[in-house]
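Below: the structure, in structure tokens.
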Amino acid sequence: MEGGLVNDMRTIQRTDQMEDMKISAKDVNVYYADNHAIKDVNVEIEDKTVTAFIGPSGCGKSTFLRCLNRMNDTIDICRVEGDILLDNEDIYDARIDPVQLRAKVGMVFQKPNPFPKSIYDNVAYGPRIHGLANTKAELDEIVETSLRRGAIWDEVKDRLDAPGTGLSGGQQQRLCIARAVATAPEVLLMDEPCSALDPIATAQVEELIDELRQNFSVVIVTHSMQQAARVSQNTAFFHLGELVEYGETGQIFTTPQDSRTESYITGRIG
Amino acid sequence: MTDANLDKPAAAVPASRSLLNGDERTKKREAAEKRFQYYGMAAICTGLFFLVVLTVSIVRSGLPAFTNAVVAVDFSLSQEEFDAAEGQLFKTKAYQGLFNTALQNKLTEAGIDVAFDDKAIERILGKTGGTIREYFRENTDDIGSPVMFELAASSRVDGYFKGRVTRDTLVDSRFLELNDLDIVDAMAEAGVLKTAFNWNFITGADSGVDNPGGAGIGASVVGSFFMMLVVLFLSLPIGVAASIYLEEFAPQNRFTDLIEVNISNLAAVPSIVFGILGLAVFIQFMHLPQSAPLVGGLVLALMTLPTIIISTRASLQAVPPSIRDAALGVGASKMQAVFHHVLPLAMPGILTGTIIGLAQALGETAPLLLIGMVGFVARGYPDGLIAGFTDPNSAMPAQIYTWASRADVGFYEKAWGGIIVLLIFLLTMNTIAIILRRRFERRW
Ligand SMILES: Nc1ncnc2c1ncn2[C@@H]1O[C@H](COP(=O)(O)OP(=O)(O)OP(=O)(O)O)[C@@H](O)[C@H]1O
Ligand SMILES: [Mg+2]
């Protein structure tokens, strides 16, 4: 793997795990019209690990995350350059159907966005359109396990017919997590999933992330250093659209190579 | 003020004020708010006042159209009389004679003595013989037993009864003579002549220019109905499909910009332009039938399209983009995202636009002028569904316009009555739309 300077060390460390790369991004540049939001980012996301993206507000974490399931396609002015490989397939290839890609790479958005439908339908929508359940009972089953994984089952099990938009902000976010896991994605992208959650729900979501790691890759954007340290194995630090440092979480937090990483972690920039 | 400031240096702590007594600025703000509320209430009151004036004047002028003067007489026909009348050369004349005798008896019975001849009765009631003969030929069982006949009086008599025609204005009418009015008075006194609900106005078709009494709006209601069907089933799907494409799928470029600008401009094109377009394209080029609701509907659909497209696009834009992201994020295709999530949310807005467009189309007269629906005298109902679209017919506003421009004053009240029917039609349409809207809104 030919990375930039920053990646050299890691490359040597992990040559034995090459086959385990789930996503690898090479020289990714993203522009919003003239705004160069992501600059030459190279990242390799391992299978069955949790990768955390940290960085000050506006540094491009969400933008980069949205590249990974081509959600940026919906923004007219957004232009993505470079290669992003998922299981060694270029997801920006013309033959790739973004719909299939997004079924494989699920996403929880920064702002909770439940459908204005019932709680049940919110979760059941994905499995329905992908034909994951053949019977009503199977669908019920999927909905229940998903809501349990989203750590919201106990709160909503008696009112599955109530509108999802009638939940509190934190509940809505957990509903969105449940909705995302219901389609059984291989990669789950989570954009600040816990920013609106209380410590208890946060702990439950972190537990879920840990559980998902057994089978899937999780990429999580977070503003909480503690959370990044708790849940992730790898951490990427973004600053002004650049990937400043990427490596094992422990190493990033204890012995950062770059002075900017150090200042951010210690609270001096951001 | 400056002195006060000088006395108290800037370092002074702002004095804590009680929340109970507001300061100058707050009072000013509150006064402004109150004033604004009064303006609003004044505006609403003015609106209501004009609404009431309008409603009252429409109802007052239009209600007489829903009633007419009828002569109600018990009439029995024996089998011999029937056979005798059928054996004559002028059969209806014979029936007329029998009826006149019955009427005369009725008046004498009531103690009123007035002489009249057949001609006078003909002027008052029209040719009664035909109606009676037709009835007994169809209901032979009724021969021998008394039957209550309600025969509509001529429009002059009707006008006299309602106060529209007086002895002074009647001076040189060839339709009714002054002496006839004595007979009319006598019949009214005897209780034979009375006001009844004019079903014919609602169910009937248009009449000739000299018979306002027989004019009905029913046929043109049917015409309007078929026209609205055409408008609805063309402009709603086309308009919504066009809006969805432009809003959700079309690339943003010069060409789509041009289309957008033109759609907005189209909404401002005078309706008569659409009329002449319809004449040129649908009738002269495509040879569709003249005066047909189908052509009227096509023209009005063209006119309604911009309204529907603009309102649909506005309501699609109002759906938060996060909903689309959410749907795409779980792997829905763009089409699924639009049809499962965006469209249901935009539906109330689309319905509002549709009903505004349809209401506009329903009341539109100018384009109908050019495709021959104005001035067309609809003599009867179309027979069948297809004929409803293709047979020449009139439409409500066209019918009202026709009546209003006829010389006979009897048509004047018909025009007002027609407006009432038009408004009721419109209200029904709006009510249906509101109910549908509620249904969609309840699905959050
Ligand atoms: N839809 C958009 N259109 C134009 N510019 C955008 C858009 N979304 C993001 N940007 C720009 O891209 C840059 C990165 O934004 P991004 O949302 O990725 O930041 P972020 O790291 O997620 O920040 P935060 O932590 O506050 O969520 C910002 O400068 C922002 O102005
Ligand atoms: Mg963000």
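The way I read the labels, and the way they are meant: chains A, B, ... in the order of the structure tokens, residue 1 as the first residue of every chain, and ligand 1 as the first ligand shown, with later ones counted on from there.
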| Given a cut-off of 10 Å, what residues near ligand 2 show up using only C-alpha atoms and all ligand atoms, put as a ChimeraX atom specification? | /A:55-66,109-111,191-192,221-223
Mind writing the picked residues with N, CA, C and O atoms as a JSON list (two decimals), in the first residue's frame?
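part.json, freshly written:
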[["chain", "number", "residue", "atom", "x", "y", "z"],
["A", 55, "GLY", "N", -11.81, 15.73, 15.03],
["A", 55, "GLY", "CA", -11.30, 16.95, 14.43],
["A", 55, "GLY", "C", -12.22, 18.11, 14.75],
["A", 55, "GLY", "O", -13.37, 17.89, 15.11],
["A", 56, "PRO", "N", -11.71, 19.32, 14.62],
["A", 56, "PRO", "CA", -12.53, 20.49, 14.95],
["A", 56, "PRO", "C", -13.71, 20.63, 13.99],
["A", 56, "PRO", "O", -13.71, 20.05, 12.90],
["A", 57, "SER", "N", -14.68, 21.40, 14.40],
["A", 57, "SER", "CA", -15.88, 21.59, 13.60],
["A", 57, "SER", "C", -15.54, 22.20, 12.25],
["A", 57, "SER", "O", -14.72, 23.11, 12.16],
["A", 58, "GLY", "N", -16.14, 21.66, 11.20],
["A", 58, "GLY", "CA", -15.93, 22.21, 9.86],
["A", 58, "GLY", "C", -14.69, 21.68, 9.18],
["A", 58, "GLY", "O", -14.31, 22.16, 8.11],
["A", 59, "CYS", "N", -14.04, 20.66, 9.75],
["A", 59, "CYS", "CA", -12.80, 20.18, 9.15],
["A", 59, "CYS", "C", -13.06, 19.15, 8.06],
["A", 59, "CYS", "O", -12.13, 18.71, 7.40],
["A", 60, "GLY", "N", -14.32, 18.74, 7.87],
["A", 60, "GLY", "CA", -14.62, 17.83, 6.77],
["A", 60, "GLY", "C", -14.90, 16.40, 7.17],
["A", 60, "GLY", "O", -14.91, 15.51, 6.32],
["A", 61, "LYS", "N", -15.12, 16.14, 8.45],
["A", 61, "LYS", "CA", -15.39, 14.77, 8.89],
["A", 61, "LYS", "C", -16.66, 14.24, 8.24],
["A", 61, "LYS", "O", -16.67, 13.15, 7.65],
["A", 62, "SER", "N", -17.74, 15.03, 8.34],
["A", 62, "SER", "CA", -19.00, 14.59, 7.75],
["A", 62, "SER", "C", -18.87, 14.44, 6.25],
["A", 62, "SER", "O", -19.36, 13.47, 5.66],
["A", 63, "THR", "N", -18.20, 15.38, 5.64],
["A", 63, "THR", "CA", -18.02, 15.33, 4.19],
["A", 63, "THR", "C", -17.34, 14.04, 3.77],
["A", 63, "THR", "O", -17.79, 13.35, 2.86],
["A", 64, "PHE", "N", -16.28, 13.71, 4.46],
["A", 64, "PHE", "CA", -15.56, 12.49, 4.09],
["A", 64, "PHE", "C", -16.40, 11.25, 4.36],
["A", 64, "PHE", "O", -16.44, 10.32, 3.55],
["A", 65, "LEU", "N", -17.11, 11.28, 5.47],
["A", 65, "LEU", "CA", -17.97, 10.14, 5.80],
["A", 65, "LEU", "C", -19.02, 9.93, 4.71],
["A", 65, "LEU", "O", -19.29, 8.80, 4.30],
["A", 66, "ARG", "N", -19.57, 11.05, 4.25],
["A", 66, "ARG", "CA", -20.62, 10.96, 3.23],
["A", 66, "ARG", "C", -20.07, 10.46, 1.89],
["A", 66, "ARG", "O", -20.83, 9.97, 1.06],
["A", 109, "PHE", "N", -27.21, 9.83, 10.47],
["A", 109, "PHE", "CA", -26.86, 11.21, 10.16],
["A", 109, "PHE", "C", -26.62, 12.03, 11.41],
["A", 109, "PHE", "O", -27.02, 11.67, 12.52],
["A", 110, "GLN", "N", -25.94, 13.17, 11.17],
["A", 110, "GLN", "CA", -25.60, 14.04, 12.29],
["A", 110, "GLN", "C", -26.85, 14.56, 13.00],
["A", 110, "GLN", "O", -26.92, 14.58, 14.21],
["A", 111, "LYS", "N", -27.84, 14.98, 12.16],
["A", 111, "LYS", "CA", -29.11, 15.43, 12.75],
["A", 111, "LYS", "C", -30.10, 14.29, 12.66],
["A", 111, "LYS", "O", -30.24, 13.68, 11.59],
["A", 191, "ASP", "N", -22.49, 9.50, 12.13],
["A", 191, "ASP", "CA", -22.04, 10.88, 12.25],
["A", 191, "ASP", "C", -22.53, 11.46, 13.57],
["A", 191, "ASP", "O", -23.70, 11.81, 13.71],
["A", 192, "GLU", "N", -21.65, 11.54, 14.52],
["A", 192, "GLU", "CA", -21.97, 12.04, 15.87],
["A", 192, "GLU", "C", -23.27, 11.45, 16.40],
["A", 192, "GLU", "O", -24.22, 12.17, 16.70],
["A", 221, "VAL", "N", -17.99, 9.37, 13.70],
["A", 221, "VAL", "CA", -17.48, 10.74, 13.87],
["A", 221, "VAL", "C", -17.88, 11.17, 15.27],
["A", 221, "VAL", "O", -19.01, 10.94, 15.69],
["A", 222, "THR", "N", -16.95, 11.73, 16.00],
["A", 222, "THR", "CA", -17.32, 12.14, 17.35],
["A", 222, "THR", "C", -16.51, 13.36, 17.78],
["A", 222, "THR", "O", -15.40, 13.60, 17.31],
["A", 223, "HIS", "N", -17.14, 14.14, 18.63],
["A", 223, "HIS", "CA", -16.43, 15.29, 19.20],
["A", 223, "HIS", "C", -15.92, 14.96, 20.59],
["A", 223, "HIS", "O", -15.31, 15.80, 21.25]]
| message | Can you tell me, as a list of chain:residue names, which residues in region 176-358 of chain B count as strand (DSSP E) by DSSP? | response | B:Leu193, B:Lys194, B:Thr195, B:Ala196, B:Phe197
| query | Which neighbours of Phe201 (chain B) fall inside 8 Å, counting only C-alpha atoms, when residues of the same chain fewer than 3 positions from it are skipped, and could you give them as an MDAnalysis selection string? | reply | chainID B and resid 65:66 198 204:205 214:218
| query | chain B residues within 7 Å of chain A, counting only C-alpha atoms: which ones, as a VMD selection string? | reply | chain B and resid 322 to 323 326 329 to 333 444
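Coordinates place CA of Ser195 (chain A) at a distance of 15.2 Å from CA of Ala151 (chain A).
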| task | Could you tell me how far CA of Thr140 (chain B) lies from CA of Val73 (chain B), in Å and to one decimal? | result | 18.9 Å
| task | For Phe116 (chain B), please output as a list in words all residues within 8 Å (counting only C-alpha atoms; exclusion window: fewer than 4 positions along the same chain). | result |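 Listed by chain and then number, they are Ala120, Ile121 and Ile183 of chain B.
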Suppose we keep N, CA, C and O atoms; can you now write the selection as a PDB file, in the first residue's frame?
ATOM      1  N   ALA B 120    -106.271  32.960 -24.186  1.00  0.00           N
ATOM      2  CA  ALA B 120    -105.705  33.575 -22.976  1.00  0.00           C
ATOM      3  C   ALA B 120    -104.959  32.530 -22.154  1.00  0.00           C
ATOM      4  O   ALA B 120    -103.837  32.757 -21.671  1.00  0.00           O
ATOM      5  N   ILE B 121    -105.579  31.349 -22.006  1.00  0.00           N
ATOM      6  CA  ILE B 121    -104.930  30.289 -21.236  1.00  0.00           C
ATOM      7  C   ILE B 121    -103.628  29.872 -21.910  1.00  0.00           C
ATOM      8  O   ILE B 121    -102.616  29.602 -21.267  1.00  0.00           O
ATOM      9  N   ILE B 183    -107.174  37.505 -15.226  1.00  0.00           N
ATOM     10  CA  ILE B 183    -107.345  36.051 -15.059  1.00  0.00           C
ATOM     11  C   ILE B 183    -106.307  35.524 -14.070  1.00  0.00           C
ATOM     12  O   ILE B 183    -106.608  34.723 -13.182  1.00  0.00           O
TER      13      ILE B 183
END
| query | Got a sec to tell me which of region 18-157 of chain B DSSP assigns to helix (DSSP H, G or I), as a PyMOL selection string? | reply | chain B and resi 24-66+79-87+91-109+118-125+128-138+140-142+155-157
Long-range neighbours of Glu247 (chain B) as a PDB file with N, CA and C atoms, in the first residue's frame, 9 Å cut-off, only C-alpha atoms, 4 positions minimum in chain:
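Once written, result_25.pdb looks like this:
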ATOM      1  N   ALA B 242     -44.361  16.380 -14.071  1.00  0.00           N
ATOM      2  CA  ALA B 242     -43.405  17.389 -14.537  1.00  0.00           C
ATOM      3  C   ALA B 242     -42.681  18.019 -13.346  1.00  0.00           C
ATOM      4  N   SER B 243     -43.439  18.326 -12.287  1.00  0.00           N
ATOM      5  CA  SER B 243     -42.805  18.970 -11.128  1.00  0.00           C
ATOM      6  C   SER B 243     -41.806  18.032 -10.473  1.00  0.00           C
ATOM      7  N   ARG B 313     -44.218  22.179  -7.121  1.00  0.00           N
ATOM      8  CA  ARG B 313     -42.782  22.359  -6.906  1.00  0.00           C
ATOM      9  C   ARG B 313     -42.527  23.039  -5.577  1.00  0.00           C
ATOM     10  N   LEU B 316     -42.918  20.480  -2.937  1.00  0.00           N
ATOM     11  CA  LEU B 316     -41.809  19.515  -2.933  1.00  0.00           C
ATOM     12  C   LEU B 316     -40.567  20.142  -2.301  1.00  0.00           C
ATOM     13  N   GLN B 317     -40.366  21.419  -2.620  1.00  0.00           N
ATOM     14  CA  GLN B 317     -39.203  22.101  -2.050  1.00  0.00           C
ATOM     15  C   GLN B 317     -39.323  22.235  -0.538  1.00  0.00           C
TER      16      GLN B 317
END
| query | Which residues come within 8 Å of Thr235 (chain A), counting only C-alpha atoms, excluding same-chain residues fewer than 2 positions away, as a ChimeraX atom specification? | reply | /A:51-54,228,232-233,237,246-249,252
| said: Between A:Asp210, A:Asp40, A:Asp73, A:Glu46, which residue has the minimum interatomic distance to ligand 1, considering only C-alpha atoms and all ligand atoms? | reply: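 Ranking A:Asp210, A:Asp40, A:Asp73, A:Glu46 by distance to ligand 1, first place goes to A:Asp73.
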